[in-house]
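See below for the structure under consideration.
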Amino acid sequence: MKQVKAKIVSNEQVAPRYYKMRLADRYLADNLKPGQFIEVRCSDGSDPLLRRPFGPHRIFSAKGVFEMLYEVVGRATTALSNKKAGEELDIIGPLGNGFTMAKHAIIVGGGIGIAPLLALAEKMGGGKKSALQVVIGARTKEAILCEKDFKRLGAKVIVMTDDGSYGKKGFTTDALKTLLQTPNSQLLTIYACGPRQMMQAVAELSKEYHVKCQLLLEEYMACGVGVCLGCPVKVRKDLVDHEYKMVCKDGPVFDAERIVW
Amino acid sequence: MKPDTSVKIGRLKLKNPVMVASGTFGEEYRELADIRSLGAVVAKTITLKARSGNRPPRLVETPSGMLNSIGLENKGLDFFVKETLPALTRFKAPVIASISGDSEDEFAALARALQKRKGLSALELNLSCPNVKHGSSEGLIAQDAEATGKIVSEVRRATQLPLIAKLSPNVTDITRIAVAAQDAGADAITLINTLFGMSVDIETRRPRLGNVHGGLSGPAIKPVALKIVWDAHKKVKIPIIGAGGIMGHKDAIEFILCGASAVQVGTANFVDPRSAVGAIEGIKEYLVKNKIKSVSQLVGRLET
């Protein structure tokens with residue numbers, strides 16, 4: 001974990017509300033793992049005040065660069081979208097724990113939740129590319145991200161939209177259910193990131209089909225390192241009791257079966 | 001000229017006046033901030049038994065500030081003594097334990113248990129957490145001069161450690177509470193804890209905090225905190241530790257001029273873990289530039 005000034009290589013709009021930023025920092029590019037996150041100071045002033053967490057979207061260790069794909073939703077991400085190539089960003093990272101790699105994976109991403117899962121797919125890469133199955137979902141066509149990137153990896157990609165404007169009409173979990181109904185699906189591991197309702201539905205499917213499932217959770221954060229205790233998630237402690245774990249320090253990746261919804 | 005940054009908080013001598021506030025800093029920051037150079041580290045508030053804290057969401061950002069409703073989540077006294085304290089004291093900066101409880105007995109029991117702990121320099125009594133109720137009463141201990149005095153004097157009897165009472169801004173007249181703490185034997189008071197606050201999502205028509213309301217901190221509360229420090233400074237003789245929205249040395253010096261002998265940096269640690277260390281450097285430069293020999297000469301020297 002370090003606090004660095006990373007140089008912005010590029011910051012481009014890729015869809016109406018989505019931006020992709022490429023950052024150069026040797027230390028972060030070398031040390032970031034898929035599923036981990038960084039805390040970014042989006043403005044120098046006091047409004048927005050706190051850092052914002054982002055998961056790396058792509059990591060190019062050899063080139064010393066990495067990318068973030070982000071949605072402009074509020075003051076901090078608006079400020080971020082106005083940053084220009086050549087400027088520096090104050091970043092703390094890597095933070096949290098990344099994904100545990102499995103051989104046979106289904107990736108499920110809802111909305112901007114797909115962004116950090118590309119880093120995972122690229123890391124898995126290797127010779128078994130065609131084994132990777134990916135479900136990408138969003139409300140509408142304009143919010144479907146990364147389809148080409150996953151296809152380039154040789155993954156089998158299913159696109160779902162709530163309004164049917166692109167791909168199939170329905171939720172990511174509709175497609176996931178179909179994939180889990182195939183023989184030997186219990187050998188798979190699901191990796192999911194997206195809106196809370198989607199992740200809960202994915203967790204329930206993974207339980208129903210006895211499939212391992214890792215969820216990348218999101219929560220409002222202040223410190224990002226486990227000091228402020230501001231980003232709790234309720235998990236099972238044992239058969240009876242529940243406890244709070246911190247998304248920043250104990251996560252942000254959690255086994256779905258541990259989470260109490 | 002090398003300026004003298006040391007300050008005395010009662011019997012507690014600090015190499016500089018900048019501490020980090022309770023609940024905003026821990027050894028988790030060891031790779032990011034030079035803990036050694038801090039005036040003191042106030043640890044996260046502990047209670048006798050572990051507390052699980054409030055339901056999420058516990059945080060929301062507001063204009064130039066943040067609301068929190070952590071709810072004093074902590075692992076209790078035993079864990080603090082075995083794990084937290086040794087982890088913090090190895091950096092050689094003075095460590096101040098922050099304690100809270102539902103009764104005088106609980107405060108006193110904590111004080112007794114911490115009395116002879118190696119590396120512990122003082123106790124801060126958290127009488128003002130806005131996210132917990134005390135006893136059967138709806139309000140905060142620090143909203144009640146009598147309750148404040150009772151707890152401070154109970155703890156005073158239980159320990160020889162320097163005692164700091166952390167008080168609430170959510171009161172009509174801070175001087176009544178501050179004087180009560182002083183008269184009961186507090187060595188110093190910390191002003192201020194967070195202000196009560198709320199934030200509402202108009203789409204869901206729900207509060208943004210799981211606990212409905214929480215405590216406001218950050219730059220937004222600095223003017224309120226300065227006024228409270230100034231008011232208390234005119235009435236109490238014991239040192240005041242100023243806190244509330246301090247982001248750097250300029251804010252810290254404002255508090256010192258209003259009567260604070262030392263300061264605590266809180267929310268700013270989340271924004272930049274080096275904020276407190278930066279404030280120390282900035283204060284030194286200010287003293288040199290203005291040819292002031294000692295930071296203590298600035299305390300309460302607001303020209304009015």
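Letters for chains follow the order of the structure tokens (A, B, ...), residue numbers begin at 1 for each chain, and ligand numbers begin at 1 in the order shown.
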DSSP strand (DSSP E or B) selection over range 85-153 of chain B, as a ChimeraX atom specification: /B:95-99,120-126,134,137
Residues of chain B within 6 Å of chain A, counting only C-alpha atoms, as a PyMOL selection string: chain B and resi 23-26+58-59+63-64+270-271
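You will find CA of Val295 in chain B at 25.8 Å from CA of Pro169 in chain B.
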d(CA of Ile177 in chain B, CA of Gly149 in chain B) in Å: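 Interatomic distance here is 8.1 Å.
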Spatial neighbours of Thr89 in chain B, max dist 12 Å, only C-alpha atoms, sep filter under 5 positions, as a list in words: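 The contact residues come out as Gly26, Glu27, Ile35, Arg36, Ala40, Val41, Val42, Ala43, Phe80, Val81, Lys82, Glu83, Thr84, Pro94, Val95, Ile96, Ala97, Arg117, Lys118, Gly119, Leu120 and Ser121 of chain B.
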Close residues, range 5-21 of chain B itself excluded, 8 Å, only C-alpha atoms, min 6 positions apart in chain, as a ChimeraX atom specification: /B:38-43,94,121-122,162,187-188,238-239,243,261-266,269,276-277,279-280,284,294-296
Which of A:Gln36, A:Ser10, A:Asn31, A:Thr172 sits closest to Ala85 in chain A [using only C-alpha atoms]: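 Using only C-alpha atoms, the shortest distance to Ala85 in chain A belongs to A:Ser10.
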A:Gly251, A:Gly113, A:Gly86, A:Pro94 ranked by distance to Leu145 in chain A, top pick (using only C-alpha atoms):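 Using only C-alpha atoms, the shortest distance to Leu145 in chain A belongs to A:Gly113.
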Spatial neighbours of range 177-185 of chain A, 9 Å, only C-alpha atoms, chain gap at least 6 places, as a ChimeraX atom specification: /A:106,133,202,205-206,209-211
Output the selection as a PDB file, in the first residue's frame - N, CA and C atoms for each residue.
```pdb
ATOM      1  N   ILE A 106     -17.634 -18.352 -14.633  1.00  0.00           N
ATOM      2  CA  ILE A 106     -18.688 -17.550 -15.258  1.00  0.00           C
ATOM      3  C   ILE A 106     -18.575 -16.160 -14.652  1.00  0.00           C
ATOM      4  N   GLN A 133     -17.157 -17.995 -19.674  1.00  0.00           N
ATOM      5  CA  GLN A 133     -18.501 -17.537 -20.040  1.00  0.00           C
ATOM      6  C   GLN A 133     -18.771 -16.227 -19.323  1.00  0.00           C
ATOM      7  N   VAL A 202     -27.759 -13.492  -7.657  1.00  0.00           N
ATOM      8  CA  VAL A 202     -26.659 -14.373  -8.084  1.00  0.00           C
ATOM      9  C   VAL A 202     -26.262 -15.304  -6.934  1.00  0.00           C
ATOM     10  N   LEU A 205     -28.773 -18.070  -6.623  1.00  0.00           N
ATOM     11  CA  LEU A 205     -28.598 -19.074  -7.687  1.00  0.00           C
ATOM     12  C   LEU A 205     -27.396 -19.976  -7.397  1.00  0.00           C
ATOM     13  N   SER A 206     -26.319 -19.373  -6.915  1.00  0.00           N
ATOM     14  CA  SER A 206     -25.109 -20.162  -6.657  1.00  0.00           C
ATOM     15  C   SER A 206     -25.371 -21.194  -5.568  1.00  0.00           C
ATOM     16  N   TYR A 209     -27.620 -24.038  -7.060  1.00  0.00           N
ATOM     17  CA  TYR A 209     -26.929 -24.963  -7.979  1.00  0.00           C
ATOM     18  C   TYR A 209     -25.587 -25.462  -7.427  1.00  0.00           C
ATOM     19  N   HIS A 210     -25.331 -25.166  -6.153  1.00  0.00           N
ATOM     20  CA  HIS A 210     -24.103 -25.631  -5.482  1.00  0.00           C
ATOM     21  C   HIS A 210     -22.839 -25.227  -6.243  1.00  0.00           C
ATOM     22  N   VAL A 211     -22.806 -23.983  -6.621  1.00  0.00           N
ATOM     23  CA  VAL A 211     -21.669 -23.453  -7.370  1.00  0.00           C
ATOM     24  C   VAL A 211     -20.953 -22.418  -6.511  1.00  0.00           C
TER      25      VAL A 211
END
```
Selection near Lys7 in chain A, 8 Å with only C-alpha atoms, sequence-local residues under 3 positions removed, as JSON, numbers by chain: {"A": [23, 24, 25, 85, 86, 87, 88, 89]}
Selected residues, N, CA, C and O atoms, written as a PDB file, in the first residue's frame, please.
```pdb
ATOM      1  N   LEU A  23      -3.894   5.282 -16.471  1.00  0.00           N
ATOM      2  CA  LEU A  23      -2.978   5.909 -15.522  1.00  0.00           C
ATOM      3  C   LEU A  23      -1.629   5.217 -15.545  1.00  0.00           C
ATOM      4  O   LEU A  23      -1.556   3.990 -15.666  1.00  0.00           O
ATOM      5  N   ALA A  24      -0.580   6.011 -15.430  1.00  0.00           N
ATOM      6  CA  ALA A  24       0.765   5.453 -15.404  1.00  0.00           C
ATOM      7  C   ALA A  24       1.320   5.521 -13.996  1.00  0.00           C
ATOM      8  O   ALA A  24       1.457   6.608 -13.422  1.00  0.00           O
ATOM      9  N   ASP A  25       1.583   4.373 -13.409  1.00  0.00           N
ATOM     10  CA  ASP A  25       2.319   4.299 -12.152  1.00  0.00           C
ATOM     11  C   ASP A  25       2.892   2.896 -12.023  1.00  0.00           C
ATOM     12  O   ASP A  25       2.150   1.912 -11.952  1.00  0.00           O
ATOM     13  N   ALA A  85      -5.322  14.478 -19.794  1.00  0.00           N
ATOM     14  CA  ALA A  85      -4.063  13.736 -19.926  1.00  0.00           C
ATOM     15  C   ALA A  85      -2.910  14.639 -19.497  1.00  0.00           C
ATOM     16  O   ALA A  85      -2.913  15.835 -19.789  1.00  0.00           O
ATOM     17  N   GLY A  86      -1.949  14.071 -18.769  1.00  0.00           N
ATOM     18  CA  GLY A  86      -0.808  14.861 -18.311  1.00  0.00           C
ATOM     19  C   GLY A  86      -0.950  15.293 -16.864  1.00  0.00           C
ATOM     20  O   GLY A  86       0.042  15.522 -16.177  1.00  0.00           O
ATOM     21  N   GLU A  87      -2.192  15.422 -16.397  1.00  0.00           N
ATOM     22  CA  GLU A  87      -2.409  15.772 -14.988  1.00  0.00           C
ATOM     23  C   GLU A  87      -2.076  14.566 -14.112  1.00  0.00           C
ATOM     24  O   GLU A  87      -2.002  13.434 -14.589  1.00  0.00           O
ATOM     25  N   GLU A  88      -1.923  14.823 -12.814  1.00  0.00           N
ATOM     26  CA  GLU A  88      -1.625  13.738 -11.880  1.00  0.00           C
ATOM     27  C   GLU A  88      -2.805  13.493 -10.954  1.00  0.00           C
ATOM     28  O   GLU A  88      -3.547  14.411 -10.619  1.00  0.00           O
ATOM     29  N   LEU A  89      -2.946  12.262 -10.545  1.00  0.00           N
ATOM     30  CA  LEU A  89      -4.003  11.888  -9.596  1.00  0.00           C
ATOM     31  C   LEU A  89      -3.370  11.318  -8.330  1.00  0.00           C
ATOM     32  O   LEU A  89      -2.478  10.476  -8.404  1.00  0.00           O
TER      33      LEU A  89
END
```
Polymer residues at most 12 Å from Leu226 in chain B, only C-alpha atoms, same-chain spacing of 2 or more positions, as a ChimeraX atom specification: /B:169,191-192,219-224,228-233,240-246,251-260,263,300,302
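The closest residue to Phe107 in chain B, picked from B:Leu167, B:Leu32, B:Val155, B:Leu77 and counting only C-alpha atoms, is B:Val155.
Of the residues under consideration (A:Leu153, A:Val65, A:Leu215, A:Cys42), A:Cys42 shows the shortest atom-to-atom contact distance to Ser81 in chain A when counting only C-alpha atoms.
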Residue with smallest distance to Ile144 in chain A - pool A:Val157, A:Ala131, A:Ile112, A:Asp163, counting only C-alpha atoms: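 Once distances to Ile144 in chain A are computed over only C-alpha atoms, the minimum belongs to A:Ile112.
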Atomic separation - CA of Ser100 in chain B relative to CA of Ile174 in chain B, Å: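 Spanning CA of Ile174 in chain B to CA of Ser100 in chain B is a straight-line distance of 20.0 Å.
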